[in-house]
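Report on the structure given below.
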Amino acid sequence: MSTREEILSKVREVPSLPLTATRMLQLVQNPDTPFTEIQREVELDVTLASNILRLANSAYFAGSGPIASVRDAIVRLGTKRILQLVLTTSVAPLTSKPLKGYGLRAGGLLRHCAATAIGAEQLSRELQLNAPDYAYTAGLMHDIGKIVLGTYLEIDATPVLDLAYKEGLSFEVAEQRVLGVDHAEVGATLLEAWMIPATVVDVVRWHHSPDAYPGPERFVVDLIHVADHVARVSGTSAEADGMNYSLSVEAVERLGLKPAITETVVNNVLRSLDEICENLSQ
Ligand SMILES: [Fe+2]
Ligand SMILES: [Fe+2]
């Protein structure tokens, strides 16, 4: 079995998302789900409920006035926002270990992924693109393949990084050369096994190659690709592969992104990120 086949078969054995997150994904996707069912699902998980309340009260999610109950949180924020909160709190524990070779401290990837998710939302707002709600989810999960490679498969990324630096390659190209597969494909394979909606899986799969994306919603892929870059330039992502990020100029052009907007988005990301990450790590 090649390294690639071995990695992809092991990926399918990675433990699933917490049950609540999977259930919530199903409930929220169904427009006929009664409001009370979502409320009950959240309340059943005490840790989740308290995390949601804390996050719901953060400036980024809430805006004005304190939110005192799960019911209030759902009414005020809406079920889509609640799903984002559930996913954010579910993904957070997965990112708590350092990733060898990726130069990431514990929690470093969460910061990067949260910055990308917020960046995508802010870009969408500033560019008036009206991005679908799954853009935030995709931003949050775009590098989940790194967690799988670094934590569950215990692959040391040092040789990948060495090759990237020696030959001036982007990190994902070096991953393909050394491992036969990159973290984008590993992440997409995992999310498919987790039954995450195909829209999110697609964005994760193509986040480093938006120009080659064959599907209909390219602007969401562009958005995450550029938000990933924004997360790096905002200095929130202490990733060792940060230097070699190959930003698609075409994606920037397709979005119509101008430097002034990037600056606004970077500032907005910086303003919200600490608060969101602090609430998640408590
Ligand atoms: Fe990535
Ligand atoms: Fe990234």
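Here, A, B, ... name the chains of the structure tokens in the order displayed, residue numbers run from 1 inside each chain, and ligands are numbered from 1 in the same displayed order.
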
**Q.** Close residues to ligand 1 using only C-alpha atoms and all ligand atoms, limit 9 Å, as a VMD selection string
**A.** chain A and resid 142 to 146 171 to 172 182 to 184 204 207 to 208 225 228 245

Restricting the output to C-alpha atoms, write the selected residues as a PDB file, in the first residue's frame.
ATOM      1  CA  HIS A 142     -10.334  24.225   6.074  1.00  0.00           C
ATOM      2  CA  ASP A 143      -7.091  22.938   7.653  1.00  0.00           C
ATOM      3  CA  ILE A 144      -8.592  20.041   9.606  1.00  0.00           C
ATOM      4  CA  GLY A 145      -6.432  17.749   7.461  1.00  0.00           C
ATOM      5  CA  LYS A 146      -3.374  19.079   9.309  1.00  0.00           C
ATOM      6  CA  PHE A 171       3.485  23.610   1.661  1.00  0.00           C
ATOM      7  CA  GLU A 172       0.707  21.571   0.048  1.00  0.00           C
ATOM      8  CA  ASP A 182      -1.968  17.030   0.925  1.00  0.00           C
ATOM      9  CA  HIS A 183      -3.868  18.262   3.982  1.00  0.00           C
ATOM     10  CA  ALA A 184      -6.677  19.639   1.800  1.00  0.00           C
ATOM     11  CA  VAL A 204     -11.912  22.286   2.059  1.00  0.00           C
ATOM     12  CA  HIS A 207      -8.893  25.768  -0.666  1.00  0.00           C
ATOM     13  CA  HIS A 208      -5.327  25.806  -2.015  1.00  0.00           C
ATOM     14  CA  HIS A 225      -8.503  30.860  -0.041  1.00  0.00           C
ATOM     15  CA  ASP A 228      -6.588  31.933   4.733  1.00  0.00           C
ATOM     16  CA  TYR A 245       1.564  30.350   0.917  1.00  0.00           C
TER      17      TYR A 245
END

Q) Using only C-alpha atoms and all ligand atoms, which protein or nucleic acid residues are at most 12 Å from ligand 2, as a PyMOL selection string? A) chain A and resi 102+104+108-117+119-120+138-147+171-172+183-184+187+204-208+224-233+236-247

Only C-alpha atoms, please: the residues just picked out, written as an mmCIF file, in the first residue's frame.
data_model
loop_
_atom_site.group_PDB
_atom_site.id
_atom_site.type_symbol
_atom_site.label_atom_id
_atom_site.label_comp_id
_atom_site.auth_asym_id
_atom_site.auth_seq_id
_atom_site.Cartn_x
_atom_site.Cartn_y
_atom_site.Cartn_z
ATOM 1 C CA TYR A 102 3.853 22.293 11.261
ATOM 2 C CA LEU A 104 2.073 24.983 15.535
ATOM 3 C CA GLY A 108 -2.374 27.610 17.192
ATOM 4 C CA LEU A 109 -4.392 25.950 14.494
ATOM 5 C CA LEU A 110 -7.657 26.904 16.158
ATOM 6 C CA ARG A 111 -6.555 30.544 16.095
ATOM 7 C CA HIS A 112 -5.677 30.249 12.444
ATOM 8 C CA CYS A 113 -8.931 28.496 11.543
ATOM 9 C CA ALA A 114 -11.079 30.887 13.582
ATOM 10 C CA ALA A 115 -9.261 33.827 11.937
ATOM 11 C CA THR A 116 -9.991 32.327 8.500
ATOM 12 C CA ALA A 117 -13.675 31.798 9.357
ATOM 13 C CA GLY A 119 -12.001 36.670 7.727
ATOM 14 C CA ALA A 120 -14.302 34.942 5.232
ATOM 15 C CA ALA A 138 -15.645 25.827 5.770
ATOM 16 C CA GLY A 139 -13.232 28.459 7.099
ATOM 17 C CA LEU A 140 -13.253 26.833 10.489
ATOM 18 C CA MET A 141 -12.548 23.400 9.045
ATOM 19 C CA HIS A 142 -10.334 24.225 6.074
ATOM 20 C CA ASP A 143 -7.091 22.938 7.653
ATOM 21 C CA ILE A 144 -8.592 20.041 9.606
ATOM 22 C CA GLY A 145 -6.432 17.749 7.461
ATOM 23 C CA LYS A 146 -3.374 19.079 9.309
ATOM 24 C CA ILE A 147 -4.870 17.914 12.603
ATOM 25 C CA PHE A 171 3.485 23.610 1.661
ATOM 26 C CA GLU A 172 0.707 21.571 0.048
ATOM 27 C CA HIS A 183 -3.868 18.262 3.982
ATOM 28 C CA ALA A 184 -6.677 19.639 1.800
ATOM 29 C CA GLY A 187 -9.392 17.076 5.378
ATOM 30 C CA VAL A 204 -11.912 22.286 2.059
ATOM 31 C CA ARG A 205 -10.715 20.137 -0.845
ATOM 32 C CA TRP A 206 -9.998 23.103 -3.138
ATOM 33 C CA HIS A 207 -8.893 25.768 -0.666
ATOM 34 C CA HIS A 208 -5.327 25.806 -2.015
ATOM 35 C CA ILE A 224 -11.723 30.881 1.993
ATOM 36 C CA HIS A 225 -8.503 30.860 -0.041
ATOM 37 C CA VAL A 226 -8.129 34.610 0.401
ATOM 38 C CA ALA A 227 -9.318 34.534 4.048
ATOM 39 C CA ASP A 228 -6.588 31.933 4.733
ATOM 40 C CA HIS A 229 -4.099 34.468 3.381
ATOM 41 C CA VAL A 230 -5.675 37.287 5.398
ATOM 42 C CA ALA A 231 -5.353 35.147 8.555
ATOM 43 C CA ARG A 232 -1.633 34.873 7.834
ATOM 44 C CA VAL A 233 -0.987 38.522 7.063
ATOM 45 C CA THR A 236 -2.666 35.527 13.938
ATOM 46 C CA SER A 237 -1.364 32.303 12.467
ATOM 47 C CA ALA A 238 2.051 31.238 13.653
ATOM 48 C CA GLU A 239 2.266 28.514 11.032
ATOM 49 C CA ALA A 240 5.656 27.365 9.831
ATOM 50 C CA ASP A 241 4.209 26.998 6.333
ATOM 51 C CA GLY A 242 3.013 30.593 6.348
ATOM 52 C CA MET A 243 5.890 31.971 4.311
ATOM 53 C CA ASN A 244 5.267 29.730 1.351
ATOM 54 C CA TYR A 245 1.564 30.350 0.917
ATOM 55 C CA SER A 246 0.832 30.639 -2.759
ATOM 56 C CA LEU A 247 -1.964 33.149 -3.072
#

Q: Quick one: pick out all alpha helix (DSSP H) residues within segment 109-154 of chain A from a backbone DSSP run and write them as a PyMOL selection string.
A: chain A and resi 109-126+134-141+144-147

Q: Extract, using only C-alpha atoms, all DNA, RNA and protein residues at most 12 Å from Lys258 of chain A, discarding same-chain residues fewer than 3 positions from it, and format them as a PyMOL selection string.
A: chain A and resi 123+126-127+226+249+252-255+261-265

Just C-alpha atoms for this one: save the residues we selected as a PDB file, in the first residue's frame.
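The resulting file, out14.pdb, is shown below:
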ATOM      1  CA  LEU A 123     -14.603  39.699   3.358  1.00  0.00           C
ATOM      2  CA  GLU A 126     -17.064  44.191   2.835  1.00  0.00           C
ATOM      3  CA  LEU A 127     -17.312  42.904  -0.734  1.00  0.00           C
ATOM      4  CA  VAL A 226      -8.129  34.610   0.401  1.00  0.00           C
ATOM      5  CA  VAL A 249      -3.906  36.381  -7.941  1.00  0.00           C
ATOM      6  CA  VAL A 252      -8.127  38.044  -5.574  1.00  0.00           C
ATOM      7  CA  GLU A 253      -9.214  39.517  -8.914  1.00  0.00           C
ATOM      8  CA  ARG A 254     -12.362  37.431  -9.132  1.00  0.00           C
ATOM      9  CA  LEU A 255     -13.405  38.701  -5.708  1.00  0.00           C
ATOM     10  CA  ILE A 261     -10.648  46.237   2.075  1.00  0.00           C
ATOM     11  CA  THR A 262      -7.964  43.755   3.121  1.00  0.00           C
ATOM     12  CA  GLU A 263      -6.841  46.238   5.733  1.00  0.00           C
ATOM     13  CA  THR A 264     -10.374  46.647   7.123  1.00  0.00           C
ATOM     14  CA  VAL A 265     -10.848  42.878   7.233  1.00  0.00           C
TER      15      VAL A 265
END

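For the residues A:Thr189, A:Thr89, A:Thr33, A:Ser170, ranking by smallest atom-to-atom distance to Arg54 of chain A using only C-alpha atoms places A:Thr89 first.
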
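Here the question is which of A:Leu179, A:Val86, A:Ala212, A:Leu8 gets nearest to Thr47 of chain A using only C-alpha atoms, and that residue is A:Val86.
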
**Q.** Close residues, Leu87 of chain A itself excluded, 10 Å, only C-alpha atoms, min 5 positions apart in chain, as a list in words
**A.**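 Answer for this query is Leu17, Pro18, Thr20, Ala21, Thr22, Met24, Leu25, Arg81, Ile82, Ala92, Tyr136, Thr137, Leu140 and Met141 of chain A.
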
**Q.** Distance in Å - atom CA of Gly150 of chain A versus atom CA of Glu121 of chain A
**A.** 27.6 Å

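Proximity of A:Asn130, A:Gln122, A:Gln39, A:Ser2 to Leu27 of chain A, computed with only C-alpha atoms, is greatest for A:Gln39.
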
Q | Shell of 10 Å around Arg76 of chain A, only C-alpha atoms, local chain residues under 6 positions omitted, as a PyMOL selection string | A | chain A and resi 56+61-62+67+70+82

(Q) From the options A:Ser124, A:Ser16, A:Ser209, A:Asn57, which residue's atoms come nearest to Glu275 of chain A, counting only C-alpha atoms? (A)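 Of A:Ser124, A:Ser16, A:Ser209, A:Asn57, the one nearest Glu275 of chain A, counting only C-alpha atoms, is A:Asn57.
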
(Q) Residues within 8 Å of Thr79 of chain A, please, as a PyMOL selection string. Count only C-alpha atoms; anything in the same chain fewer than 3 positions from it doesn't count. (A) chain A and resi 28+38+74-75+82-83

Any chance you could export the current selection's N, CA and C atoms as an mmCIF file, in the first residue's frame?
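See selection.cif below for the written result:
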data_model
loop_
_atom_site.group_PDB
_atom_site.id
_atom_site.type_symbol
_atom_site.label_atom_id
_atom_site.label_comp_id
_atom_site.auth_asym_id
_atom_site.auth_seq_id
_atom_site.Cartn_x
_atom_site.Cartn_y
_atom_site.Cartn_z
ATOM 1 N N VAL A 28 -30.256 21.445 11.734
ATOM 2 C CA VAL A 28 -30.275 22.794 11.166
ATOM 3 C C VAL A 28 -30.482 22.757 9.653
ATOM 4 N N ILE A 38 -33.991 21.963 18.556
ATOM 5 C CA ILE A 38 -32.611 22.469 18.541
ATOM 6 C C ILE A 38 -32.222 22.923 19.948
ATOM 7 N N ILE A 74 -30.674 31.246 20.769
ATOM 8 C CA ILE A 74 -31.178 30.754 19.476
ATOM 9 C C ILE A 74 -32.078 31.806 18.823
ATOM 10 N N VAL A 75 -32.934 32.432 19.641
ATOM 11 C CA VAL A 75 -33.844 33.447 19.098
ATOM 12 C C VAL A 75 -33.038 34.619 18.531
ATOM 13 N N ILE A 82 -26.087 29.432 15.650
ATOM 14 C CA ILE A 82 -25.938 28.439 16.719
ATOM 15 C C ILE A 82 -25.124 27.248 16.208
ATOM 16 N N LEU A 83 -25.427 26.856 14.978
ATOM 17 C CA LEU A 83 -24.660 25.755 14.396
ATOM 18 C C LEU A 83 -23.172 26.133 14.314
#
